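Below is the file run25.txt, which contains compact mmCIF, C-alpha atoms.
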# COMPACT_ATOMS: atom_id res chain seq x y z
CA MET T 15 15.99 -4.13 38.77
CA VAL T 16 14.86 -2.99 42.22
CA ASP T 17 16.08 -3.82 45.70
CA ILE T 18 14.79 -4.12 49.25
CA LEU T 19 17.01 -2.36 51.83
CA HIS T 20 17.00 -2.50 55.62
CA ARG T 21 19.19 -1.55 58.58
CA ILE T 22 19.04 -2.82 62.14
CA ALA T 23 21.51 -2.69 65.02
CA ALA T 24 21.70 -4.99 68.02
CA LYS T 25 22.86 -3.36 71.26
CA GLY T 26 25.46 -5.09 73.43
CA VAL T 27 26.05 -7.72 70.73
CA GLU T 28 29.37 -8.72 69.17
CA VAL T 29 29.52 -8.96 65.41
CA GLY T 30 30.60 -12.61 65.69
CA GLU T 31 27.31 -13.54 67.42
CA THR T 32 25.41 -11.85 64.62
CA TYR T 33 27.44 -13.66 61.99
CA ASP T 34 26.64 -16.98 63.73
CA ALA T 35 22.91 -16.20 63.63
CA LEU T 36 23.19 -15.88 59.83
CA THR T 37 25.49 -18.81 59.12
CA THR T 38 24.30 -21.72 61.28
CA LEU T 39 21.09 -23.74 61.03
CA GLU T 40 20.47 -23.20 64.73
CA GLY T 41 20.89 -19.44 64.45
CA LEU T 42 18.72 -19.09 61.35
CA SER T 43 15.99 -21.27 62.86
CA ARG T 44 15.74 -18.93 65.84
CA TRP T 45 14.80 -15.75 63.96
CA TRP T 46 13.57 -16.61 60.41
CA THR T 47 11.93 -20.02 60.26
CA GLU T 48 12.08 -22.99 62.59
CA ASN T 49 12.04 -25.15 59.46
CA THR T 50 15.60 -24.44 58.26
CA THR T 51 17.62 -27.30 56.80
CA GLY T 52 20.66 -27.82 54.60
CA THR T 53 24.35 -26.95 54.52
CA THR T 54 25.70 -23.55 55.50
CA ASP T 55 29.25 -23.63 54.04
CA VAL T 56 30.12 -21.74 50.86
CA GLY T 57 28.53 -23.62 47.96
CA GLY T 58 26.02 -25.27 50.28
CA ARG T 59 22.28 -24.92 49.97
CA ILE T 60 19.88 -23.92 52.72
CA ALA T 61 16.10 -24.51 52.54
CA PHE T 62 13.78 -22.20 54.47
CA LYS T 63 10.19 -23.46 54.75
CA PHE T 64 7.09 -21.55 55.82
CA GLU T 65 3.34 -22.20 55.97
CA ASN T 66 2.67 -21.46 52.31
CA GLY T 67 6.02 -21.52 50.60
CA ASP T 68 9.74 -22.04 50.73
CA PHE T 69 13.02 -20.54 49.55
CA GLU T 70 16.25 -22.28 48.64
CA MET T 71 19.50 -20.32 48.89
CA GLU T 72 23.00 -21.13 47.78
CA VAL T 73 25.64 -19.71 50.08
CA ALA T 74 27.73 -17.67 47.62
CA GLU T 75 30.13 -15.81 49.93
CA LEU T 76 31.10 -15.89 53.59
CA GLU T 77 33.48 -13.46 55.25
CA PRO T 78 33.48 -14.23 58.98
CA GLY T 79 32.24 -11.35 61.10
CA ALA T 80 31.68 -9.15 58.07
CA ARG T 81 29.63 -10.42 55.17
CA VAL T 82 27.22 -13.12 53.94
CA LEU T 83 25.83 -13.48 50.42
CA TRP T 84 23.06 -15.85 49.37
CA GLU T 85 21.75 -16.50 45.87
CA VAL T 86 18.18 -17.69 45.58
CA VAL T 87 18.29 -20.89 43.53
CA GLY T 88 14.91 -22.48 44.22
CA GLY T 89 11.64 -22.45 46.10
CA SER T 90 8.03 -21.54 45.53
CA ALA T 91 8.40 -17.82 44.66
CA PRO T 92 9.43 -17.30 41.02
CA GLU T 93 10.04 -13.58 41.75
CA TRP T 94 12.87 -14.58 44.11
CA ILE T 95 14.76 -16.92 41.80
CA GLY T 96 18.04 -15.35 40.71
CA THR T 97 17.88 -12.55 43.29
CA LYS T 98 20.68 -12.08 45.83
CA ILE T 99 20.55 -11.40 49.54
CA HIS T 100 23.43 -9.42 51.03
CA TRP T 101 24.25 -9.12 54.71
CA ASP T 102 26.95 -6.62 55.70
CA LEU T 103 27.95 -6.52 59.34
CA ARG T 104 30.10 -4.18 61.37
CA GLN T 105 30.72 -3.21 64.96
CA GLU T 106 29.84 0.38 65.87
CA ASP T 107 30.41 1.25 69.53
CA ASP T 108 28.27 -1.15 71.54
CA TYR T 109 26.20 -2.25 68.52
CA THR T 110 26.41 -4.71 65.69
CA VAL T 111 25.04 -2.89 62.65
CA VAL T 112 23.41 -5.06 59.97
CA LEU T 113 22.91 -3.70 56.46
CA PHE T 114 20.57 -5.87 54.42
CA LYS T 115 19.90 -5.85 50.68
CA HIS T 116 17.60 -8.18 48.73
CA GLU T 117 18.85 -7.31 45.28
CA GLY T 118 17.61 -7.85 41.79
CA TRP T 119 13.81 -7.97 41.75
CA ALA T 120 12.67 -7.70 38.13
CA GLU T 121 9.68 -5.47 38.95
CA PRO T 122 8.31 -3.67 42.03
CA VAL T 123 5.31 -6.00 42.20
CA GLU T 124 2.87 -6.02 45.12
CA PHE T 125 4.55 -9.17 46.46
CA MET T 126 7.80 -7.18 46.70
CA HIS T 127 6.02 -4.61 48.90
CA HIS T 128 4.90 -7.48 51.16
CA CYS T 129 8.36 -9.05 51.28
CA SER T 130 9.95 -5.69 52.16
CA THR T 131 7.75 -5.25 55.23
CA LYS T 132 8.11 -8.93 56.14
CA TRP T 133 11.93 -8.75 55.90
CA GLY T 134 11.85 -5.72 58.20
CA SER T 135 9.77 -7.64 60.70
CA PHE T 136 12.10 -10.67 60.56
CA LEU T 137 15.14 -8.40 60.98
CA VAL T 138 13.54 -7.07 64.16
CA SER T 139 13.18 -10.74 65.15
CA LEU T 140 16.94 -11.17 64.54
CA LYS T 141 17.67 -8.09 66.67
CA GLN T 142 15.44 -9.44 69.46
CA LEU T 143 17.13 -12.84 69.31
CA LEU T 144 20.56 -11.24 69.60
CA GLU T 145 19.58 -8.85 72.40
CA THR T 146 17.27 -11.07 74.46
CA GLY T 147 17.86 -14.67 73.35
CA THR T 148 14.37 -14.99 71.88
CA GLY T 149 13.37 -14.21 68.29
CA ALA T 150 10.06 -14.69 66.49
CA PRO T 151 10.75 -17.17 63.66
CA TRP T 152 7.95 -18.75 61.68
CA PRO T 153 5.48 -20.06 62.90
CA HIS T 154 5.71 -17.46 65.69
CA ASP T 155 6.10 -14.43 63.40
CA PRO T 156 3.57 -11.58 63.63
CA HIS T 157 1.37 -11.17 60.53
CA ILE T 158 1.82 -7.88 58.73
CA ASP T 159 -0.94 -8.35 56.16
CA ASN T 160 -3.45 -10.84 54.74
CA TRP T 161 -0.63 -12.74 53.01
CA GLY T 162 1.22 -13.56 56.22
CA MET Q 7 16.25 7.01 41.79
CA VAL Q 8 15.32 4.33 44.30
CA ASP Q 9 12.18 3.70 46.33
CA ILE Q 10 11.10 2.20 49.64
CA LEU Q 11 8.10 -0.15 49.33
CA HIS Q 12 5.87 -1.70 51.99
CA ARG Q 13 2.53 -3.51 52.30
CA ILE Q 14 0.39 -3.98 55.38
CA ALA Q 15 -3.25 -5.00 55.84
CA ALA Q 16 -5.49 -4.27 58.80
CA LYS Q 17 -8.07 -6.94 59.61
CA GLY Q 18 -11.65 -5.98 60.35
CA VAL Q 19 -10.96 -2.39 59.31
CA GLU Q 20 -12.84 -0.29 56.75
CA VAL Q 21 -10.81 1.59 54.20
CA GLY Q 22 -12.40 4.84 55.39
CA GLU Q 23 -10.93 4.42 58.88
CA THR Q 24 -7.51 3.86 57.35
CA TYR Q 25 -7.89 6.95 55.18
CA ASP Q 26 -8.77 9.00 58.28
CA ALA Q 27 -5.61 7.77 60.05
CA LEU Q 28 -3.58 9.21 57.15
CA THR Q 29 -5.45 12.46 56.61
CA THR Q 30 -6.21 13.91 60.05
CA LEU Q 31 -3.81 15.32 62.64
CA GLU Q 32 -5.39 13.12 65.30
CA GLY Q 33 -4.98 9.97 63.20
CA LEU Q 34 -1.38 10.71 62.20
CA SER Q 35 -0.42 11.54 65.78
CA ARG Q 36 -1.61 8.13 66.94
CA TRP Q 37 0.74 6.01 64.80
CA TRP Q 38 3.64 8.14 63.46
CA THR Q 39 4.52 10.97 65.83
CA GLU Q 40 2.58 12.60 68.65
CA ASN Q 41 4.12 15.88 67.50
CA THR Q 42 2.09 16.32 64.28
CA THR Q 43 0.88 19.80 63.36
CA GLY Q 44 -0.34 21.70 60.32
CA THR Q 45 -3.11 21.53 57.73
CA THR Q 46 -4.23 18.30 56.10
CA ASP Q 47 -6.22 19.55 53.08
CA VAL Q 48 -4.77 19.43 49.56
CA GLY Q 49 -2.09 22.11 49.35
CA GLY Q 50 -1.71 22.18 53.12
CA ARG Q 51 1.52 21.43 54.94
CA ILE Q 52 1.99 18.97 57.78
CA ALA Q 53 5.01 18.99 60.12
CA PHE Q 54 6.09 15.74 61.76
CA LYS Q 55 8.61 16.17 64.60
CA PHE Q 56 10.76 13.53 66.31
CA GLU Q 57 13.56 13.50 68.89
CA ASN Q 58 16.33 14.37 66.45
CA GLY Q 59 14.65 15.65 63.34
CA ASP Q 60 11.51 16.62 61.50
CA PHE Q 61 9.82 16.32 58.12
CA GLU Q 62 7.50 18.78 56.40
CA MET Q 63 5.08 17.42 53.79
CA GLU Q 64 2.80 19.17 51.36
CA VAL Q 65 -0.43 17.28 50.76
CA ALA Q 66 -0.35 16.88 46.97
CA GLU Q 67 -3.31 14.57 46.31
CA LEU Q 68 -6.24 13.19 48.28
CA GLU Q 69 -8.73 10.66 46.95
CA PRO Q 70 -11.03 9.71 49.84
CA GLY Q 71 -10.84 6.04 50.75
CA ALA Q 72 -8.27 5.34 48.04
CA ARG Q 73 -5.16 7.44 47.81
CA VAL Q 74 -2.94 9.99 49.56
CA LEU Q 75 0.18 11.66 48.14
CA TRP Q 76 2.64 13.79 50.08
CA GLU Q 77 5.62 15.70 48.75
CA VAL Q 78 8.45 16.35 51.16
CA VAL Q 79 9.08 20.09 51.10
CA GLY Q 80 11.13 20.69 54.22
CA GLY Q 81 12.64 19.32 57.42
CA SER Q 82 15.99 18.21 58.73
CA ALA Q 83 16.78 15.37 56.28
CA PRO Q 84 18.16 16.67 52.96
CA GLU Q 85 17.81 13.16 51.46
CA TRP Q 86 14.03 13.44 51.86
CA ILE Q 87 13.52 16.83 50.23
CA GLY Q 88 11.77 16.39 46.89
CA THR Q 89 10.83 12.76 47.50
CA LYS Q 90 7.18 11.66 47.39
CA ILE Q 91 5.22 9.39 49.70
CA HIS Q 92 2.36 7.44 48.16
CA TRP Q 93 -0.41 5.67 50.06
CA ASP Q 94 -2.74 3.44 48.06
CA LEU Q 95 -5.65 1.88 49.92
CA ARG Q 96 -8.19 -0.75 48.99
CA GLN Q 97 -10.64 -3.10 50.66
CA GLU Q 98 -9.91 -6.82 50.20
CA ASP Q 99 -12.36 -9.10 51.99
CA ASP Q 100 -12.21 -8.19 55.67
CA TYR Q 101 -8.98 -6.22 55.30
CA THR Q 102 -7.85 -2.76 54.34
CA VAL Q 103 -4.71 -3.24 52.26
CA VAL Q 104 -2.17 -0.38 52.34
CA LEU Q 105 0.48 -0.11 49.64
CA PHE Q 106 3.21 2.35 50.57
CA LYS Q 107 5.92 3.89 48.40
CA HIS Q 108 8.53 6.46 49.44
CA GLU Q 109 9.68 7.41 45.97
CA GLY Q 110 12.64 9.21 44.55
CA TRP Q 111 15.68 8.76 46.79
CA ALA Q 112 18.72 9.95 44.85
CA GLU Q 113 20.97 7.16 46.17
CA PRO Q 114 20.57 3.99 48.28
CA VAL Q 115 22.50 5.52 51.18
CA GLU Q 116 22.74 3.88 54.60
CA PHE Q 117 20.13 6.31 55.93
CA MET Q 118 17.70 4.96 53.32
CA HIS Q 119 18.23 1.44 54.72
CA HIS Q 120 17.37 2.80 58.18
CA CYS Q 121 14.30 4.67 56.93
CA SER Q 122 13.03 1.56 55.13
CA THR Q 123 13.06 -0.52 58.31
CA LYS Q 124 11.70 2.37 60.36
CA TRP Q 125 8.81 2.90 57.89
CA GLY Q 126 7.99 -0.81 58.16
CA SER Q 127 7.89 -0.52 61.93
CA PHE Q 128 5.65 2.58 61.81
CA LEU Q 129 3.33 0.84 59.32
CA VAL Q 130 2.96 -1.97 61.84
CA SER Q 131 2.10 0.78 64.35
CA LEU Q 132 -0.61 2.00 61.93
CA LYS Q 133 -1.96 -1.56 61.60
CA GLN Q 134 -2.02 -1.93 65.40
CA LEU Q 135 -3.79 1.40 65.81
CA LEU Q 136 -6.46 0.38 63.30
CA GLU Q 137 -6.94 -3.12 64.72
CA THR Q 138 -6.62 -2.41 68.45
CA GLY Q 139 -7.02 1.34 68.95
CA THR Q 140 -3.41 1.76 70.11
CA GLY Q 141 -0.41 2.49 67.90
CA ALA Q 142 3.20 3.20 68.82
CA PRO Q 143 3.92 6.75 67.57
CA TRP Q 144 7.07 8.63 68.57
CA PRO Q 145 8.15 8.83 71.41
CA HIS Q 146 6.72 5.33 72.03
CA ASP Q 147 8.21 3.73 68.90
CA PRO Q 148 10.54 0.72 69.28
CA HIS Q 149 14.15 1.41 68.27
CA ILE Q 150 15.35 -0.63 65.32
CA ASP Q 151 18.99 0.49 65.39
CA ASN Q 152 21.44 2.95 66.97
CA TRP Q 153 19.89 5.82 65.00
CA GLY Q 154 16.40 5.38 66.45
Let me see the file written as structure tokens.
Amino acid sequence: MVDILHRIAAKGVEVGETYDALTTLEGLSRWWTENTTGTTDVGGRIAFKFENGDFEMEVAELEPGARVLWEVVGGSAPEWIGTKIHWDLRQEDDYTVVLFKHEGWAEPVEFMHHCSTKWGSFLVSLKQLLETGTGAPWPHDPHIDNWG
Amino acid sequence: MVDILHRIAAKGVEVGETYDALTTLEGLSRWWTENTTGTTDVGGRIAFKFENGDFEMEVAELEPGARVLWEVVGGSAPEWIGTKIHWDLRQEDDYTVVLFKHEGWAEPVEFMHHCSTKWGSFLVSLKQLLETGTGAPWPHDPHIDNWG
């Protein structure tokens, strides 16, 4: 099993604002995809739709201001099914630090390379949303390769 | 051992141009760090310096238009020493596809999370250099967190 890891920090941002951007449909739709629907409580399912695919997550754990865990339960990417997405948040001086882990890929396939770079780009979108009020969710996301 | 993976593709770019950006001091200084010095032939050593640290690579393999391998032999980050950085290039339609692997981290430490996101951001800089003629090497690189 192999994992995608990332770290960003948003300056001048409280950890609670960051938590909201990960746990509300409005927040998620402002940095990942504008087509975000579903239920964001523990046990709920959230659907994230893009041009050429979609992901369905079950919200497995929520610890306000500290931690979010999603399990991928559906969608168009078989490599994602059964993987877990961890968000660990903490305040550090004037920053919210976000540690991200997309855990449990069966193999380091080429699509995983793509998703790693794409996650990094979307995390920068999250940082920009938190710092400036404007992110770059799909369909406004910059392309990183010929897959999107 | 854990690895950082990324994938970018540069549109309208020949694989040879991409190879040059990875194997000449001028190319490297236009997307990674302006402070790049050393020798880029096989067996040579290249030093990459940044605000708060530096990396020294030995060029382990070069396959023109296809592949570059560096081994980290020195610098300020003990976690990097002994790791390997793989660049695999290929033409796909109108794109050069770049598969990147920073292989052999002993542990998935928080610094590895940072380096993963930072590599993604610098790979986007490489893509921008190839597509537009202008990258964002240090000291012009966007900060992704409170470490740089």
(request) Give me the residues within 6 Å of Lys98 in chain T as a ChimeraX atom specification, counting all atoms listed in the file and dropping any in the same chain fewer than 3 places off. (result) /T:84-85,116-117
(request) For Val138 in chain T, list every protein, DNA or RNA residue within 12 Å, evaluated using all atoms listed in the file, and leave out those in the same chain fewer than 5 positions away; present the list as an MDAnalysis selection string. (result) (chainID T and resid 20:24 45:46 112 131:133 143:146 148:151 155:156) or (chainID Q and resid 123:124 126:127 130 148:151)
Write out the residues from the selection above, keeping C-alpha atoms, as an mmCIF file, in the frame of the given file.
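Ended up saving to part_36.cif:
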data_model
loop_
_atom_site.group_PDB
_atom_site.id
_atom_site.type_symbol
_atom_site.label_atom_id
_atom_site.label_comp_id
_atom_site.auth_asym_id
_atom_site.auth_seq_id
_atom_site.Cartn_x
_atom_site.Cartn_y
_atom_site.Cartn_z
ATOM 1 C CA HIS T 20 17.000 -2.500 55.620
ATOM 2 C CA ARG T 21 19.190 -1.550 58.580
ATOM 3 C CA ILE T 22 19.040 -2.820 62.140
ATOM 4 C CA ALA T 23 21.510 -2.690 65.020
ATOM 5 C CA ALA T 24 21.700 -4.990 68.020
ATOM 6 C CA TRP T 45 14.800 -15.750 63.960
ATOM 7 C CA TRP T 46 13.570 -16.610 60.410
ATOM 8 C CA VAL T 112 23.410 -5.060 59.970
ATOM 9 C CA THR T 131 7.750 -5.250 55.230
ATOM 10 C CA LYS T 132 8.110 -8.930 56.140
ATOM 11 C CA TRP T 133 11.930 -8.750 55.900
ATOM 12 C CA LEU T 143 17.130 -12.840 69.310
ATOM 13 C CA LEU T 144 20.560 -11.240 69.600
ATOM 14 C CA GLU T 145 19.580 -8.850 72.400
ATOM 15 C CA THR T 146 17.270 -11.070 74.460
ATOM 16 C CA THR T 148 14.370 -14.990 71.880
ATOM 17 C CA GLY T 149 13.370 -14.210 68.290
ATOM 18 C CA ALA T 150 10.060 -14.690 66.490
ATOM 19 C CA PRO T 151 10.750 -17.170 63.660
ATOM 20 C CA ASP T 155 6.100 -14.430 63.400
ATOM 21 C CA PRO T 156 3.570 -11.580 63.630
ATOM 22 C CA THR Q 123 13.060 -0.520 58.310
ATOM 23 C CA LYS Q 124 11.700 2.370 60.360
ATOM 24 C CA GLY Q 126 7.990 -0.810 58.160
ATOM 25 C CA SER Q 127 7.890 -0.520 61.930
ATOM 26 C CA VAL Q 130 2.960 -1.970 61.840
ATOM 27 C CA PRO Q 148 10.540 0.720 69.280
ATOM 28 C CA HIS Q 149 14.150 1.410 68.270
ATOM 29 C CA ILE Q 150 15.350 -0.630 65.320
ATOM 30 C CA ASP Q 151 18.990 0.490 65.390
#
Pose of chain T fitted onto chain Q, C-alpha LSQ, given as a compact mmCIF listing (two decimals) with C-alpha atoms, in the coordinates of the input:
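That gives us out-v1.txt:
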# COMPACT_ATOMS: atom_id res chain seq x y z
CA MET T 15 16.25 7.02 41.79
CA VAL T 16 15.32 4.32 44.30
CA ASP T 17 12.19 3.70 46.33
CA ILE T 18 11.10 2.20 49.64
CA LEU T 19 8.09 -0.15 49.32
CA HIS T 20 5.87 -1.70 51.98
CA ARG T 21 2.54 -3.52 52.30
CA ILE T 22 0.39 -3.99 55.38
CA ALA T 23 -3.24 -5.00 55.84
CA ALA T 24 -5.49 -4.26 58.79
CA LYS T 25 -8.05 -6.95 59.61
CA GLY T 26 -11.66 -5.98 60.34
CA VAL T 27 -10.96 -2.38 59.31
CA GLU T 28 -12.85 -0.30 56.75
CA VAL T 29 -10.82 1.60 54.21
CA GLY T 30 -12.40 4.87 55.38
CA GLU T 31 -10.92 4.42 58.89
CA THR T 32 -7.52 3.88 57.34
CA TYR T 33 -7.88 6.95 55.16
CA ASP T 34 -8.77 8.99 58.28
CA ALA T 35 -5.61 7.78 60.04
CA LEU T 36 -3.57 9.21 57.15
CA THR T 37 -5.44 12.47 56.62
CA THR T 38 -6.20 13.91 60.07
CA LEU T 39 -3.80 15.31 62.66
CA GLU T 40 -5.38 13.11 65.31
CA GLY T 41 -4.97 9.97 63.21
CA LEU T 42 -1.38 10.70 62.21
CA SER T 43 -0.42 11.54 65.79
CA ARG T 44 -1.60 8.12 66.94
CA TRP T 45 0.74 5.99 64.80
CA TRP T 46 3.66 8.13 63.47
CA THR T 47 4.53 10.96 65.83
CA GLU T 48 2.60 12.58 68.64
CA ASN T 49 4.12 15.87 67.49
CA THR T 50 2.09 16.31 64.28
CA THR T 51 0.89 19.80 63.37
CA GLY T 52 -0.33 21.69 60.33
CA THR T 53 -3.10 21.52 57.74
CA THR T 54 -4.22 18.29 56.12
CA ASP T 55 -6.22 19.55 53.09
CA VAL T 56 -4.77 19.41 49.58
CA GLY T 57 -2.10 22.11 49.35
CA GLY T 58 -1.70 22.16 53.13
CA ARG T 59 1.52 21.42 54.94
CA ILE T 60 1.98 18.96 57.78
CA ALA T 61 5.01 18.98 60.12
CA PHE T 62 6.09 15.73 61.77
CA LYS T 63 8.60 16.17 64.61
CA PHE T 64 10.75 13.54 66.30
CA GLU T 65 13.55 13.47 68.88
CA ASN T 66 16.33 14.33 66.44
CA GLY T 67 14.65 15.65 63.35
CA ASP T 68 11.52 16.62 61.50
CA PHE T 69 9.82 16.32 58.12
CA GLU T 70 7.51 18.75 56.39
CA MET T 71 5.07 17.41 53.80
CA GLU T 72 2.80 19.15 51.36
CA VAL T 73 -0.43 17.28 50.76
CA ALA T 74 -0.35 16.88 46.96
CA GLU T 75 -3.33 14.58 46.32
CA LEU T 76 -6.25 13.19 48.28
CA GLU T 77 -8.74 10.67 46.96
CA PRO T 78 -11.03 9.70 49.84
CA GLY T 79 -10.84 6.03 50.74
CA ALA T 80 -8.29 5.34 48.03
CA ARG T 81 -5.16 7.43 47.80
CA VAL T 82 -2.93 9.99 49.56
CA LEU T 83 0.18 11.65 48.13
CA TRP T 84 2.63 13.79 50.07
CA GLU T 85 5.62 15.71 48.74
CA VAL T 86 8.46 16.34 51.15
CA VAL T 87 9.07 20.09 51.10
CA GLY T 88 11.13 20.68 54.24
CA GLY T 89 12.64 19.32 57.42
CA SER T 90 16.00 18.21 58.73
CA ALA T 91 16.78 15.37 56.28
CA PRO T 92 18.16 16.67 52.97
CA GLU T 93 17.81 13.15 51.47
CA TRP T 94 14.03 13.43 51.87
CA ILE T 95 13.51 16.81 50.22
CA GLY T 96 11.77 16.40 46.87
CA THR T 97 10.82 12.76 47.49
CA LYS T 98 7.17 11.65 47.38
CA ILE T 99 5.22 9.39 49.69
CA HIS T 100 2.36 7.42 48.15
CA TRP T 101 -0.40 5.66 50.05
CA ASP T 102 -2.75 3.42 48.05
CA LEU T 103 -5.65 1.88 49.91
CA ARG T 104 -8.19 -0.75 49.00
CA GLN T 105 -10.63 -3.10 50.66
CA GLU T 106 -9.91 -6.81 50.21
CA ASP T 107 -12.36 -9.11 51.99
CA ASP T 108 -12.20 -8.20 55.67
CA TYR T 109 -8.95 -6.21 55.30
CA THR T 110 -7.85 -2.76 54.34
CA VAL T 111 -4.70 -3.23 52.26
CA VAL T 112 -2.17 -0.38 52.34
CA LEU T 113 0.48 -0.11 49.63
CA PHE T 114 3.21 2.35 50.57
CA LYS T 115 5.92 3.88 48.40
CA HIS T 116 8.54 6.45 49.44
CA GLU T 117 9.69 7.40 45.97
CA GLY T 118 12.63 9.23 44.55
CA TRP T 119 15.66 8.77 46.79
CA ALA T 120 18.73 9.95 44.87
CA GLU T 121 20.98 7.16 46.19
CA PRO T 122 20.55 4.00 48.29
CA VAL T 123 22.49 5.53 51.18
CA GLU T 124 22.73 3.88 54.61
CA PHE T 125 20.12 6.33 55.93
CA MET T 126 17.70 4.97 53.32
CA HIS T 127 18.23 1.45 54.73
CA HIS T 128 17.36 2.82 58.19
CA CYS T 129 14.29 4.68 56.95
CA SER T 130 13.03 1.57 55.14
CA THR T 131 13.06 -0.51 58.32
CA LYS T 132 11.68 2.39 60.35
CA TRP T 133 8.80 2.92 57.88
CA GLY T 134 7.98 -0.78 58.16
CA SER T 135 7.89 -0.51 61.93
CA PHE T 136 5.65 2.59 61.81
CA LEU T 137 3.33 0.86 59.32
CA VAL T 138 2.95 -1.96 61.84
CA SER T 139 2.10 0.79 64.34
CA LEU T 140 -0.61 2.01 61.92
CA LYS T 141 -1.96 -1.54 61.59
CA GLN T 142 -2.01 -1.92 65.39
CA LEU T 143 -3.80 1.41 65.80
CA LEU T 144 -6.46 0.40 63.30
CA GLU T 145 -6.94 -3.10 64.72
CA THR T 146 -6.64 -2.40 68.45
CA GLY T 147 -7.01 1.36 68.94
CA THR T 148 -3.42 1.76 70.12
CA GLY T 149 -0.41 2.50 67.91
CA ALA T 150 3.21 3.21 68.82
CA PRO T 151 3.93 6.76 67.58
CA TRP T 152 7.07 8.60 68.56
CA PRO T 153 8.13 8.85 71.41
CA HIS T 154 6.72 5.35 72.03
CA ASP T 155 8.21 3.74 68.90
CA PRO T 156 10.53 0.73 69.28
CA HIS T 157 14.15 1.40 68.27
CA ILE T 158 15.35 -0.64 65.32
CA ASP T 159 18.98 0.49 65.39
CA ASN T 160 21.43 2.93 66.98
CA TRP T 161 19.89 5.81 65.00
CA GLY T 162 16.42 5.40 66.47
(request) Just give me the gap between CA of Ser131 in chain Q and CA of Ser82 in chain Q in Å, one decimal is fine. (result)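 One can read the CA of Ser131 in chain Q to CA of Ser82 in chain Q distance as 23.0 Å.
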Would you kindly return, as a short mmCIF file (atom, residue, chain, number, x, y, z; two decimals) with C-alpha atoms, keeping the file's coordinate frame, each protein, DNA or RNA residue with an atom no farther than 9 Å from any atom of Thr46 in chain Q, considering all atoms listed in the file and excluding same-chain residues fewer than 5 positions away?
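out37.cif, written as the output of this step:
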data_model
loop_
_atom_site.label_atom_id
_atom_site.label_comp_id
_atom_site.auth_asym_id
_atom_site.auth_seq_id
_atom_site.Cartn_x
_atom_site.Cartn_y
_atom_site.Cartn_z
CA THR Q 29 -5.45 12.46 56.61
CA THR Q 30 -6.21 13.91 60.05
CA LEU Q 31 -3.81 15.32 62.64
CA ARG Q 51 1.52 21.43 54.94
CA ILE Q 52 1.99 18.97 57.78
CA GLU Q 64 2.80 19.17 51.36
CA VAL Q 65 -0.43 17.28 50.76
#
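Nearest residue to Gly67 in chain T, choosing from T:Phe136, T:Trp161, T:Tyr33, T:Trp101 and counting only C-alpha atoms: T:Trp161.
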(request) Excluding Phe62 in chain T and residues on its chain fewer than 2 positions from it, collect all residues at most 7 Å away from it, counting only C-alpha atoms, and give them as a PyMOL selection string. (result) chain T and resi 47+49-51+60+64+68-70
(request) Could you tell me which of T:Ser130, T:Asn160, T:Glu65, T:Gly147 comes closest to Gly41 in chain T if we count only C-alpha atoms? (result) T:Gly147
(request) For CA of Leu28 in chain Q and CA of Val16 in chain T, determine how far apart the two atoms are, in Å to one decimal place. (result)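 About the pair CA of Leu28 in chain Q and CA of Val16 in chain T: they are 26.7 Å apart.
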